[in-house]
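Asker: File data-v2.cif follows (mmCIF, C-alpha atoms and all ligand atoms):
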```
data_input
loop_
_atom_site.label_atom_id
_atom_site.label_comp_id
_atom_site.auth_asym_id
_atom_site.auth_seq_id
_atom_site.Cartn_x
_atom_site.Cartn_y
_atom_site.Cartn_z
CA MET O 795 -22.02 78.69 -196.91
CA ALA O 796 -20.39 77.30 -193.82
CA ASP O 797 -21.47 76.62 -190.27
CA GLU O 798 -19.30 77.55 -187.33
CA SER O 799 -19.01 74.29 -185.44
CA PRO O 800 -17.26 74.71 -182.11
CA SER O 801 -17.60 71.06 -181.08
CA CYS O 802 -15.96 67.91 -182.41
CA CYS O 803 -18.12 66.16 -185.02
CA VAL O 804 -16.82 62.80 -183.77
CA CYS O 805 -17.06 62.93 -179.95
CA GLY O 806 -18.84 66.23 -179.28
CA GLY O 807 -15.85 67.59 -177.32
CA ASP O 808 -15.03 71.28 -177.47
CA HIS O 809 -11.23 71.28 -177.14
CA LEU O 810 -10.35 71.91 -180.77
CA THR O 811 -6.87 73.00 -181.80
CA ARG O 812 -6.43 74.83 -185.08
CA LEU O 813 -3.63 73.32 -187.13
CA GLY O 814 -3.72 75.45 -190.23
CA ARG O 815 -5.57 76.07 -193.43
CA PRO O 816 -6.17 73.27 -195.90
CA ARG O 817 -4.99 73.88 -199.40
CA ALA O 818 -7.71 75.29 -201.60
CA THR O 819 -7.66 73.10 -204.68
CA PRO O 820 -9.22 74.62 -207.81
CA VAL O 821 -12.31 72.41 -207.51
CA ALA O 822 -12.69 73.27 -203.83
CA ARG O 823 -12.45 76.97 -204.57
CA SER O 824 -15.02 76.72 -207.32
CA VAL O 825 -17.70 74.86 -205.35
CA THR O 826 -17.14 75.96 -201.73
CA PRO O 827 -18.12 79.47 -200.69
CA GLY O 828 -16.28 80.56 -197.56
CA TRP O 829 -13.36 78.25 -198.16
CA GLU O 830 -10.95 80.93 -196.91
CA GLN O 831 -12.30 80.65 -193.36
CA MET O 832 -11.84 76.90 -193.07
CA GLN O 833 -9.26 75.37 -190.79
CA VAL O 834 -8.09 71.87 -190.07
CA VAL O 835 -8.68 71.23 -186.37
CA ARG O 836 -7.72 68.41 -184.03
CA CYS O 837 -9.90 67.37 -181.12
CA GLY O 838 -8.10 67.25 -177.80
CA SER O 839 -10.64 64.77 -176.41
CA CYS O 840 -10.71 62.02 -179.04
CA GLY O 841 -7.79 62.86 -181.36
CA ALA O 842 -9.91 63.09 -184.52
CA TYR O 843 -9.25 65.70 -187.19
CA ALA O 844 -11.88 67.71 -189.02
CA VAL O 845 -12.38 70.69 -191.29
CA SER O 846 -14.06 73.53 -189.41
CA PRO O 847 -16.32 75.23 -190.22
CA ALA O 848 -17.59 72.29 -192.24
CA PRO O 849 -18.30 73.03 -195.89
CA ARG O 850 -21.85 72.99 -197.19
CA TRP O 851 -22.40 71.88 -200.74
CA ASP O 852 -25.57 71.89 -202.76
CA GLU O 853 -26.50 68.99 -205.03
CA ALA O 854 -24.84 70.52 -208.09
CA ALA O 855 -21.58 70.96 -206.19
CA LEU O 856 -21.69 67.36 -204.93
CA GLN O 857 -22.23 66.03 -208.45
CA ARG O 858 -19.29 68.13 -209.60
CA LEU O 859 -17.06 66.78 -206.82
CA TYR O 860 -18.04 63.14 -207.33
CA GLY O 861 -18.62 62.89 -211.07
CA GLU O 862 -17.31 60.46 -213.64
CA GLU O 863 -13.71 61.57 -213.12
CA TYR O 864 -13.71 60.85 -209.40
CA PHE O 865 -12.93 57.14 -209.91
CA ALA O 866 -10.16 57.76 -212.39
CA PRO O 867 -8.39 54.76 -213.95
CA VAL O 868 -5.38 53.58 -211.96
CA PRO O 869 -2.42 51.37 -212.92
CA PRO O 870 -3.52 47.79 -213.74
CA ILE O 871 -1.79 46.24 -210.72
CA TRP O 872 -3.73 48.49 -208.34
CA GLN O 873 -6.93 48.17 -210.34
CA ARG O 874 -6.90 44.39 -209.86
CA GLN O 875 -6.36 44.89 -206.15
CA ARG O 876 -9.27 47.31 -205.97
CA GLU O 877 -11.60 45.01 -207.84
CA ARG O 878 -10.84 41.70 -206.19
CA LEU O 879 -8.18 41.31 -203.54
CA ASP O 880 -9.36 43.82 -200.95
CA PRO O 881 -13.11 43.14 -201.42
CA ASP O 882 -12.67 39.36 -201.29
CA ARG O 883 -10.50 39.48 -198.20
CA ARG O 884 -12.95 41.79 -196.45
CA LEU O 885 -16.05 39.83 -197.45
CA ASP O 886 -14.35 36.64 -196.23
CA GLU O 887 -13.84 38.27 -192.85
CA ILE O 888 -17.47 39.39 -192.71
CA ALA O 889 -18.74 35.95 -193.70
CA ARG O 890 -16.75 34.36 -190.86
CA ALA O 891 -18.14 36.87 -188.34
CA LEU O 892 -21.80 36.53 -189.32
CA PRO O 893 -23.96 33.99 -187.49
CA ALA O 894 -24.94 31.00 -189.61
CA THR O 895 -28.45 31.52 -190.96
CA ALA O 896 -30.47 29.71 -193.57
CA SER O 897 -31.34 32.88 -195.44
CA ARG O 898 -29.32 34.55 -198.17
CA THR O 899 -26.88 37.18 -196.86
CA SER O 900 -27.96 40.70 -197.77
CA LEU O 901 -25.34 43.42 -198.16
CA LEU O 902 -25.68 47.19 -198.51
CA ASP O 903 -22.61 48.90 -199.95
CA VAL O 904 -22.69 52.56 -199.00
CA GLY O 905 -20.68 54.67 -201.44
CA CYS O 906 -20.45 51.74 -203.84
CA GLY O 907 -18.85 53.74 -206.68
CA PRO O 908 -17.96 51.45 -209.61
CA GLY O 909 -19.34 48.46 -207.69
CA TYR O 910 -16.25 46.36 -206.98
CA VAL O 911 -17.67 45.08 -203.70
CA LEU O 912 -21.17 44.58 -205.10
CA ALA O 913 -19.70 42.42 -207.87
CA ARG O 914 -17.78 40.25 -205.40
CA GLY O 915 -20.85 39.94 -203.20
CA LEU O 916 -22.90 38.83 -206.20
CA ALA O 917 -20.24 36.23 -207.01
CA ARG O 918 -20.90 34.72 -203.56
CA GLY O 919 -24.62 34.56 -204.16
CA TRP O 920 -25.35 37.40 -201.74
CA ALA O 921 -28.24 39.83 -202.28
CA VAL O 922 -26.54 43.18 -202.85
CA THR O 923 -27.76 46.77 -202.92
CA GLY O 924 -25.79 49.97 -203.41
CA VAL O 925 -26.06 53.55 -202.25
CA GLU O 926 -24.07 56.08 -204.23
CA PRO O 927 -24.41 59.89 -204.15
CA SER O 928 -22.88 60.31 -207.60
CA ARG O 929 -25.70 60.01 -210.12
CA TYR O 930 -23.24 59.00 -212.80
CA TRP O 931 -21.82 56.11 -210.79
CA ALA O 932 -25.18 55.02 -209.39
CA GLU O 933 -26.59 54.62 -212.91
CA HIS O 934 -23.40 53.17 -214.38
CA THR O 935 -23.02 50.52 -211.66
CA ALA O 936 -26.70 49.57 -211.56
CA ALA O 937 -26.67 49.03 -215.34
CA ARG O 938 -23.37 47.14 -215.36
CA LEU O 939 -24.27 44.71 -212.56
CA GLY O 940 -28.05 44.59 -212.85
CA VAL O 941 -28.55 45.48 -209.19
CA THR O 942 -30.35 48.25 -207.32
CA VAL O 943 -28.20 51.28 -206.58
CA HIS O 944 -29.93 54.15 -204.81
CA ALA O 945 -28.68 57.51 -206.06
CA ALA O 946 -28.64 59.14 -202.66
CA SER O 947 -26.32 60.32 -199.93
CA VAL O 948 -25.86 58.78 -196.49
CA GLU O 949 -28.09 61.51 -195.12
CA THR O 950 -30.89 61.23 -197.69
CA CYS O 951 -31.18 57.54 -198.57
CA GLU O 952 -34.45 55.97 -197.51
CA LEU O 953 -34.18 52.27 -196.80
CA PRO O 954 -36.36 50.04 -194.67
CA ALA O 955 -35.21 49.48 -191.10
CA ALA O 956 -33.64 46.15 -190.08
CA SER O 957 -33.29 44.95 -193.67
CA PHE O 958 -29.60 44.06 -194.13
CA ASP O 959 -27.13 41.59 -192.61
CA VAL O 960 -24.13 43.66 -193.66
CA VAL O 961 -23.46 47.34 -194.26
CA PHE O 962 -20.16 47.89 -196.03
CA ALA O 963 -18.56 51.35 -196.19
CA ASP O 964 -15.08 51.55 -197.65
CA SER O 965 -13.56 55.03 -197.75
CA VAL O 966 -16.83 56.83 -197.11
CA ILE O 967 -16.93 58.15 -193.56
CA GLU O 968 -14.00 60.52 -194.06
CA HIS O 969 -16.00 62.31 -196.76
CA LEU O 970 -18.89 63.21 -194.47
CA VAL O 971 -19.49 66.49 -192.69
CA ALA O 972 -21.30 64.52 -189.96
CA PRO O 973 -19.62 61.09 -189.71
CA ILE O 974 -22.15 59.87 -187.17
CA ALA O 975 -24.75 59.87 -189.96
CA LEU O 976 -23.14 56.78 -191.52
CA LEU O 977 -23.18 54.85 -188.25
CA GLY O 978 -26.75 55.96 -187.60
CA LEU O 979 -27.79 54.68 -191.03
CA ALA O 980 -26.05 51.36 -190.39
CA ARG O 981 -27.67 50.98 -186.99
CA ARG O 982 -31.11 51.59 -188.49
CA VAL O 983 -30.90 49.31 -191.52
CA LEU O 984 -28.97 46.44 -189.92
CA ARG O 985 -30.79 43.42 -188.60
CA GLU O 986 -30.21 42.52 -184.97
CA HIS O 987 -27.22 40.28 -185.72
CA GLY O 988 -25.93 42.54 -188.50
CA LEU O 989 -22.44 43.97 -188.95
CA LEU O 990 -20.98 47.22 -190.25
CA TYR O 991 -17.61 46.90 -192.00
CA LEU O 992 -15.84 50.23 -192.06
CA VAL O 993 -12.62 51.19 -193.86
CA THR O 994 -11.12 54.64 -193.41
CA PRO O 995 -7.70 56.28 -193.43
CA ASN O 996 -5.88 56.16 -190.10
CA ALA O 997 -5.36 59.78 -189.08
CA ASP O 998 -2.80 58.61 -186.58
CA GLY O 999 -0.77 56.83 -189.24
CA LEU O 1000 2.93 57.55 -189.39
CA ALA O 1001 2.74 58.82 -192.97
CA SER O 1002 -0.02 61.26 -191.99
CA ARG O 1003 2.00 62.56 -189.07
CA PHE O 1004 5.02 62.94 -191.33
CA ARG O 1005 3.05 65.03 -193.80
CA HIS O 1006 1.66 67.15 -191.01
CA LEU O 1007 5.14 67.87 -189.70
CA ALA O 1008 6.26 68.71 -193.22
CA TYR O 1009 3.39 71.17 -193.50
CA ARG O 1010 4.35 72.86 -190.27
CA ALA O 1011 7.99 73.04 -191.28
CA LEU O 1012 7.52 74.20 -194.84
CA GLY O 1013 4.20 76.05 -194.82
CA SER O 1014 1.09 75.15 -196.73
CA GLY O 1015 2.39 76.56 -199.98
CA ARG O 1016 5.15 73.98 -200.15
CA ALA O 1017 3.86 70.99 -198.22
CA GLY O 1018 0.54 70.97 -200.06
CA PHE O 1019 -2.10 70.47 -197.41
CA VAL O 1020 -2.54 69.65 -193.76
CA GLU O 1021 -2.49 65.94 -193.38
CA PRO O 1022 -4.29 63.76 -192.52
CA LEU O 1023 -7.04 65.58 -194.40
CA SER O 1024 -7.22 66.35 -198.08
CA PRO O 1025 -10.24 68.58 -198.55
CA PRO O 1026 -12.52 68.99 -200.33
CA TYR O 1027 -12.85 65.21 -200.27
CA HIS O 1028 -11.59 64.15 -196.86
CA LEU O 1029 -13.26 66.19 -194.13
CA VAL O 1030 -12.82 63.95 -191.08
CA GLY O 1031 -9.75 62.02 -189.95
CA LEU O 1032 -10.45 59.17 -187.54
CA THR O 1033 -8.10 57.26 -185.27
CA PRO O 1034 -8.90 53.84 -183.75
CA GLY O 1035 -9.74 55.54 -180.43
CA SER O 1036 -11.98 58.22 -181.91
CA LEU O 1037 -13.82 55.60 -183.96
CA GLU O 1038 -14.70 53.78 -180.71
CA LYS O 1039 -16.11 56.99 -179.23
CA LEU O 1040 -18.13 57.69 -182.37
CA ALA O 1041 -19.49 54.13 -182.37
CA GLY O 1042 -20.63 54.48 -178.77
CA ARG O 1043 -22.51 57.69 -179.57
CA ALA O 1044 -24.28 55.91 -182.44
CA GLY O 1045 -25.34 52.84 -180.45
CA LEU O 1046 -22.76 50.57 -182.05
CA ARG O 1047 -19.75 48.79 -180.62
CA VAL O 1048 -16.44 47.98 -182.26
CA VAL O 1049 -16.15 44.21 -182.42
CA ARG O 1050 -12.74 44.23 -184.09
CA SER O 1051 -10.47 47.01 -185.29
CA ARG O 1052 -7.02 46.90 -186.82
CA VAL O 1053 -4.60 49.17 -188.59
CA VAL O 1054 -3.22 47.96 -191.89
CA GLY O 1055 -1.62 49.44 -194.95
CA GLY O 1056 1.73 50.73 -196.01
CA ARG O 1057 2.98 48.48 -198.75
CA GLU O 1058 -0.32 48.68 -200.63
CA GLU O 1059 -0.20 52.44 -200.34
CA LEU O 1060 3.13 52.45 -202.11
CA LEU O 1061 1.61 50.57 -205.03
CA LYS O 1062 -1.30 52.98 -205.11
CA GLN O 1063 0.96 55.99 -204.89
CA GLY O 1064 3.38 54.76 -207.52
CA ARG O 1065 1.90 57.04 -210.12
CA TRP O 1066 2.40 60.21 -208.11
CA LEU O 1067 5.77 59.26 -206.69
CA SER O 1068 7.15 59.76 -210.18
CA ALA O 1069 5.61 63.23 -210.35
CA GLY O 1070 6.09 64.25 -206.74
CA GLY O 1071 9.84 63.86 -206.65
CA LEU O 1072 11.82 63.92 -203.42
CA LYS O 1073 9.02 65.28 -201.25
CA ASP O 1074 6.82 62.26 -201.94
CA ALA O 1075 9.71 59.79 -202.01
CA ALA O 1076 10.43 60.90 -198.43
CA LEU O 1077 7.14 59.30 -197.45
CA ILE O 1078 8.31 55.77 -198.31
CA PRO O 1079 10.07 55.05 -194.98
CA SER O 1080 7.06 56.33 -193.02
CA LEU O 1081 4.73 54.08 -195.02
CA LEU O 1082 6.83 50.97 -194.43
CA LEU O 1083 7.71 51.77 -190.83
CA GLY O 1084 4.12 52.79 -190.07
CA GLU O 1085 2.83 49.38 -191.01
CA ALA O 1086 5.52 47.63 -188.94
CA LEU O 1087 4.68 49.79 -185.90
CA GLY O 1088 0.92 49.33 -186.14
CA ARG O 1089 0.56 52.90 -187.38
CA GLY O 1090 -0.28 52.12 -190.98
CA THR O 1091 -2.45 54.09 -193.33
CA THR O 1092 -5.83 52.40 -192.94
CA ILE O 1093 -8.30 51.37 -190.24
CA GLU O 1094 -10.47 48.31 -190.92
CA ALA O 1095 -13.19 47.83 -188.32
CA LEU O 1096 -16.13 45.55 -187.75
CA LEU O 1097 -18.99 47.01 -185.73
CA ALA O 1098 -22.19 45.56 -184.33
CA ARG O 1099 -25.35 46.97 -182.78
CA GLU O 1100 -25.15 47.48 -179.04
ZN ZN K 1 -13.47 64.55 -180.56
#
```
Let me see the file written as structure tokens.
Answerer:
Amino acid sequence: MADESPSCCVCGGDHLTRLGRPRATPVARSVTPGWEQMQVVRCGSCGAYAVSPAPRWDEAALQRLYGEEYFAPVPPIWQRQRERLDPDRRLDEIARALPATASRTSLLDVGCGPGYVLARGLARGWAVTGVEPSRYWAEHTAARLGVTVHAASVETCELPAASFDVVFADSVIEHLVAPIALLGLARRVLREHGLLYLVTPNADGLASRFRHLAYRALGSGRAGFVEPLSPPYHLVGLTPGSLEKLAGRAGLRVVRSRVVGGREELLKQGRWLSAGGLKDAALIPSLLLGEALGRGTTIEALLARE
């Protein structure tokens, strides 16, 4: 089932340009009725990308998409980075931005997966809670760390209002049909002084643009899929500017936003570079140059309530 959605899910604008069809991966075909009608569109008002009409998945399909295999093992060098370096750096930044209070910092990690951030928060003595739509990962992480992980989606999780100092969402918003739902959740559960830390791919990154051009030149059969999206998982592609518009609609403001990434992406992609051959190797200059030009792969943003 799919809804026709003529307006941008980020800014509400109605100037959408069709860019082409996303590649139908086997898992997407098997769980998404109406996949053939879907297009990747770009909003002329805010520059965000989205899949339209947006897919609709039932609970069984979601569990299939985000099961045990979703967080597949990665090479040890990247695994260490995932578990410690990125979370520690990001939690340091949050700690510096929070006002000094006597009470223990409380953090909600939305889409906590295997719990890397929850573990680092615990190591700081913070009170941590997870939300994770995958039942497998919610149970696995709760048992491993001894913390509460709500097995729920952004749209369905029920948490008390004004109950957290920090909402952390790394690589979550691009998976949502309605990205504003994540910001709405954060606005509701954050205390007055609270902060949302958001990490998402930069749809305006040089590597994304390169892939998009490759798609247009070679056709979807050869270039793979329309970047910057990789459905069925990535449904929305944000840019720094479109994130600001989305924040405003949700009653949040961007306190700090920056574009990072490039070199780390090379480490992460090392395993598929060997399989992808020349096509993927051609991405290396765009990854390195993108970071140097401020058009890297990833947006890291800190948001506060208006
Ligand atoms: Zn828009």
Asker: Kindly provide, as a PDB file with C-alpha atoms, keeping the file's coordinate frame, all nucleotide and amino acid residues lying within 9 Å of ligand ZN 1 (chain K), counting all atoms listed in the file.
Answerer:
```
ATOM      1  CA  SER O 801     -17.600  71.060-181.080  1.00  0.00           C
ATOM      2  CA  CYS O 802     -15.960  67.910-182.410  1.00  0.00           C
ATOM      3  CA  CYS O 803     -18.120  66.160-185.020  1.00  0.00           C
ATOM      4  CA  VAL O 804     -16.820  62.800-183.770  1.00  0.00           C
ATOM      5  CA  CYS O 805     -17.060  62.930-179.950  1.00  0.00           C
ATOM      6  CA  GLY O 806     -18.840  66.230-179.280  1.00  0.00           C
ATOM      7  CA  GLY O 807     -15.850  67.590-177.320  1.00  0.00           C
ATOM      8  CA  ASP O 808     -15.030  71.280-177.470  1.00  0.00           C
ATOM      9  CA  HIS O 809     -11.230  71.280-177.140  1.00  0.00           C
ATOM     10  CA  LEU O 810     -10.350  71.910-180.770  1.00  0.00           C
ATOM     11  CA  ARG O 836      -7.720  68.410-184.030  1.00  0.00           C
ATOM     12  CA  CYS O 837      -9.900  67.370-181.120  1.00  0.00           C
ATOM     13  CA  GLY O 838      -8.100  67.250-177.800  1.00  0.00           C
ATOM     14  CA  SER O 839     -10.640  64.770-176.410  1.00  0.00           C
ATOM     15  CA  CYS O 840     -10.710  62.020-179.040  1.00  0.00           C
ATOM     16  CA  GLY O 841      -7.790  62.860-181.360  1.00  0.00           C
ATOM     17  CA  ALA O 842      -9.910  63.090-184.520  1.00  0.00           C
ATOM     18  CA  TYR O 843      -9.250  65.700-187.190  1.00  0.00           C
ATOM     19  CA  SER O1036     -11.980  58.220-181.910  1.00  0.00           C
ATOM     20  CA  LYS O1039     -16.110  56.990-179.230  1.00  0.00           C
ATOM     21  CA  LEU O1040     -18.130  57.690-182.370  1.00  0.00           C
TER      22      LEU O1040
END
```
Asker: Kindly indicate which residue among O:Glu986, O:Glu1100, O:Glu1085, O:Glu877 lies nearest to O:Ala913, using all atoms listed in the file for the distances.
Answerer: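 Result for the nearest residue to O:Ala913: O:Glu877.
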Asker: I want to know what sits within 12 Å of O:Gly1042, based on all atoms listed in the file, with residues of the same chain fewer than 5 positions away left out; could you give that as a list in words?
Answerer: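 Final neighbour list, sorted by chain and number: Val804, Cys805, Gly806, Ile974, Leu977, Gly978, Arg981, Gly1035, Ser1036, Leu1037, Arg1047, Val1048, Val1049, Leu1097, Ala1098, Arg1099 and Glu1100 of chain O.
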Asker: Give me, please, the distance in Å between atom CA of O:Gly988 and atom CA of O:Val1054, quoted to one decimal.
Answerer: 23.6 Å
Asker: Would you compute the distance between atom CA of O:His969 and atom CA of O:Arg1043? Give it in Å to one decimal.
Answerer: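 Those two atoms sit 19.0 Å apart.
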Asker: Rounded to one decimal in Å, what is the spacing between atom CA of O:Trp931 and atom CA of O:Pro870?
Answerer: 20.3 Å
Asker: Tell me which of O:Val941, O:Ile967, O:Gly915, O:Ala891 sits closest to O:His987, counting all atoms listed in the file.
Answerer: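 Among O:Val941, O:Ile967, O:Gly915, O:Ala891, it is O:Ala891 that comes nearest to O:His987.
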Asker: Taking only C-alpha atoms into account, name the residue in O:Tyr991, O:Val922, O:Ala822, O:Gln857 that is nearest to O:Asp886.
Answerer: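 Distance minimum relative to O:Asp886 lands on O:Tyr991.
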Asker: For O:Ser900, which residue out of O:Val1030, O:Val960, O:Leu1012, O:Leu984 is the nearest one, using only C-alpha atoms?
Answerer: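 Looking only at the distances to O:Ser900, the closest residue turns out to be O:Val960.
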Asker: Extract, using all atoms listed in the file, all DNA, RNA and protein residues at most 12 Å from O:Pro820, discarding same-chain residues fewer than 2 positions from it, and format them as a list in words.
Answerer: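 Residues meeting the cut-off are Arg817, Ala818, Ala822, Arg823, Ser824, Val825, Thr826, Trp829, Leu859, Pro1025 and Pro1026 of chain O.
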Asker: Tell me which of O:Val845, O:Leu1087, O:Ile1078, O:Val993 sits closest to O:Ser965, counting only C-alpha atoms.
Answerer: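 Checking each candidate against O:Ser965, we get O:Val993 as the closest.
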